[in-house]
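Data block below; observations after.
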Amino acid sequence: MTVNLEVAEGVGTIRLDRPPMNALDVATQDRLRELAEEATRRDDVRAVVLYGGEKVFAAGADIKEMQEMDHTAMILRARALQDAFTAVARIPKPVVAAVTGYALGGGCELALCADFRIAGDNAKLGQPEILLGLIPGAGGTQRLARLVGPSRAKDLIFTGRMVKADEALSLGLVDRVVPADEVYAQAHAWAAKLAQGPAIALRAAKEAIDTGLETDIETGLAVERNWFAGLFATADREIGMRSFVEEGPGKAKFL
């Protein structure tokens, strides 16, 4: 398989495994969607790590495969491509991308689907599609602009340039830079910590934030209000408040 799902300590690692560069061909895209949907369904997966291995996250689409596609073929494929990445972005659990080496084109777009990005000091990220006479097609024009702002997104997309880890951090494209050999361990630790949290409240927080970014503030506030009130019906809310009153903050053990 070109993508695998491994589960340990409540953390599901979706690992790309298509050496040497984890090129995202059609089969890999479809498998990615399947595993994102599986991670969404599984109760034993409470947080997710996206990982490409020690040397490379994903160097982008399979250009040789794309070269064979004409306009009609890509009309039929483009929606499935976006749907695969959207399935990752809509996993209703905390998702962290563990980025080592290249994360270019579709690889960068996949990292953008995560809630948090930990990059190795050897990471290089970018959207080089313009150099092929194209634009990003798996959400890059939308998610990148929402993450780093339109001007910075246009700089990266218009020029197709790669940025190293330190610049990616300054742009807000990644959230933490660590030694390359510590990337997965730190990403897994981040995910494992959140896997112990209140699952429904985390889902609510993610949905409220993401919905608010995609709509007007009144709609976002309505989503927040409904989730906030609804969480008062959950066992985790009872556990959290009881623990706070009896033991102080930060000591609750959620279901």
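Here's how to read the names in the structure tokens: chain A, B, ... by the order shown, residue numbers from 1 in each chain, ligand numbers from 1 in the order shown.
Taking only C-alpha atoms, the non-local environment of Arg46 (chain A) within 6 Å (same-chain residues fewer than 3 positions away omitted) comprises Gly10, Val11 and Ala195 of chain A.
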- Among region 47-124 of chain A, which residues carry a DSSP assignment of strand (DSSP E), reported as a ChimeraX atom specification? /A:47-51,95-99,102-104,116-120,124
- Task: Could you tell me, as a PyMOL selection string, which residues of region 14-140 of chain A DSSP assigns to alpha helix (DSSP H) when given the backbone?
- Result: chain A and resi 26-41+63-67+71-89+106-112+140
Closest atom pairs, region 70-144 of chain A residues within 9 Å of region 198-208 of chain A, only C-alpha atoms, as a tab-separated table:
```
residue	atom	partner	partner_atom	distance
A:Arg90	CA	A:Glu207	CA	8.6
A:Ile91	CA	A:Arg203	CA	9.0
A:Pro92	CA	A:Arg203	CA	5.2
A:Lys93	CA	A:Arg203	CA	5.7
A:Pro94	CA	A:Leu202	CA	7.3
A:Asp115	CA	A:Lys206	CA	8.5
```
- Compile the contact shell of Pro179 (chain A) as a PyMOL selection string: residues with an atom at most 12 Å away, counting only C-alpha atoms, same-chain residues fewer than 2 positions apart removed. chain A and resi 54+98-101+118-123+165-166+176-177+181-186
Take the residues just selected and output them with N, CA and C atoms as a short mmCIF file (atom, residue, chain, number, x, y, z; two decimals), in the first residue's frame.
```cif
data_model
loop_
_atom_site.label_atom_id
_atom_site.label_comp_id
_atom_site.auth_asym_id
_atom_site.auth_seq_id
_atom_site.Cartn_x
_atom_site.Cartn_y
_atom_site.Cartn_z
N GLU A 54 11.38 9.45 7.36
CA GLU A 54 12.50 10.22 7.89
C GLU A 54 13.12 11.18 6.88
N ALA A 98 3.89 15.90 10.44
CA ALA A 98 5.30 15.76 10.80
C ALA A 98 6.10 15.84 9.51
N VAL A 99 6.70 17.00 9.26
CA VAL A 99 7.28 17.30 7.95
C VAL A 99 8.80 17.19 7.98
N THR A 100 9.33 16.25 7.22
CA THR A 100 10.77 16.14 7.02
C THR A 100 11.07 16.29 5.54
N GLY A 101 12.20 16.87 5.20
CA GLY A 101 12.59 16.99 3.81
C GLY A 101 11.59 17.80 3.00
N ILE A 118 4.67 20.41 12.49
CA ILE A 118 6.01 20.35 13.08
C ILE A 118 6.97 19.98 11.95
N ALA A 119 7.96 20.83 11.71
CA ALA A 119 8.88 20.62 10.60
C ALA A 119 10.29 20.34 11.12
N GLY A 120 11.00 19.49 10.40
CA GLY A 120 12.40 19.27 10.68
C GLY A 120 13.23 20.43 10.17
N ASP A 121 14.42 20.58 10.72
CA ASP A 121 15.28 21.67 10.27
C ASP A 121 15.79 21.45 8.85
N ASN A 122 15.48 20.30 8.28
CA ASN A 122 15.84 20.01 6.89
C ASN A 122 14.66 20.18 5.93
N ALA A 123 13.54 20.68 6.43
CA ALA A 123 12.33 20.75 5.62
C ALA A 123 12.42 21.87 4.58
N ALA A 165 12.96 25.66 6.41
CA ALA A 165 12.18 25.56 7.64
C ALA A 165 12.11 26.87 8.41
N ASP A 166 13.23 27.59 8.50
CA ASP A 166 13.23 28.81 9.31
C ASP A 166 12.32 29.88 8.70
N ARG A 176 6.37 24.81 14.35
CA ARG A 176 7.52 24.48 15.19
C ARG A 176 8.59 23.85 14.30
N VAL A 177 9.84 24.20 14.56
CA VAL A 177 10.96 23.59 13.84
C VAL A 177 11.84 22.87 14.86
N ASP A 181 15.60 14.48 13.12
CA ASP A 181 15.41 13.15 13.70
C ASP A 181 14.44 13.14 14.89
N GLU A 182 13.92 14.31 15.25
CA GLU A 182 12.96 14.40 16.36
C GLU A 182 11.54 14.71 15.89
N VAL A 183 11.37 14.88 14.58
CA VAL A 183 10.08 15.35 14.06
C VAL A 183 8.94 14.41 14.43
N TYR A 184 9.08 13.14 14.11
CA TYR A 184 7.96 12.22 14.36
C TYR A 184 7.70 12.07 15.85
N ALA A 185 8.75 11.96 16.64
CA ALA A 185 8.56 11.79 18.09
C ALA A 185 7.81 12.97 18.68
N GLN A 186 8.17 14.18 18.26
CA GLN A 186 7.49 15.35 18.81
C GLN A 186 6.06 15.46 18.30
#
```
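Proximity ranking of A:Thr219, A:Arg237, A:Ala36, A:Ala27 relative to Arg15 (chain A) places A:Ala36 first, based on only C-alpha atoms.
Each of A:Glu224, A:Glu109, A:Asp70, A:Asp30 was compared to Ala138 (chain A) using only C-alpha atoms, and A:Glu109 turns out to be the nearest.
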Contacts between region 140-155 of chain A and region 211-254 of chain A, please, where a residue of region 211-254 of chain A counts if it comes within 12 Å (with only C-alpha atoms); show its shortest atom pair and distance in Å to one decimal, rows by chain and ascending number, as a tab-separated table.
```
residue	atom	partner	partner_atom	distance
A:Gly212	CA	A:Arg146	CA	11.5
A:Leu213	CA	A:Arg146	CA	7.8
A:Glu214	CA	A:Arg146	CA	9.1
```
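Proximity to Val174 (chain A) was assessed for A:Ala114, A:Ala78, A:Ala233, A:Leu24 counting only C-alpha atoms; the smallest distance is recorded for A:Ala114.
Distances here use only C-alpha atoms; by that measure, the residue among A:Gly230, A:Gly133, A:Gly172, A:Gly240 closest to Gly197 (chain A) is A:Gly240.
Pairwise distance (CA of Asp44 (chain A), CA of Gln196 (chain A)) equals 11.3 Å.
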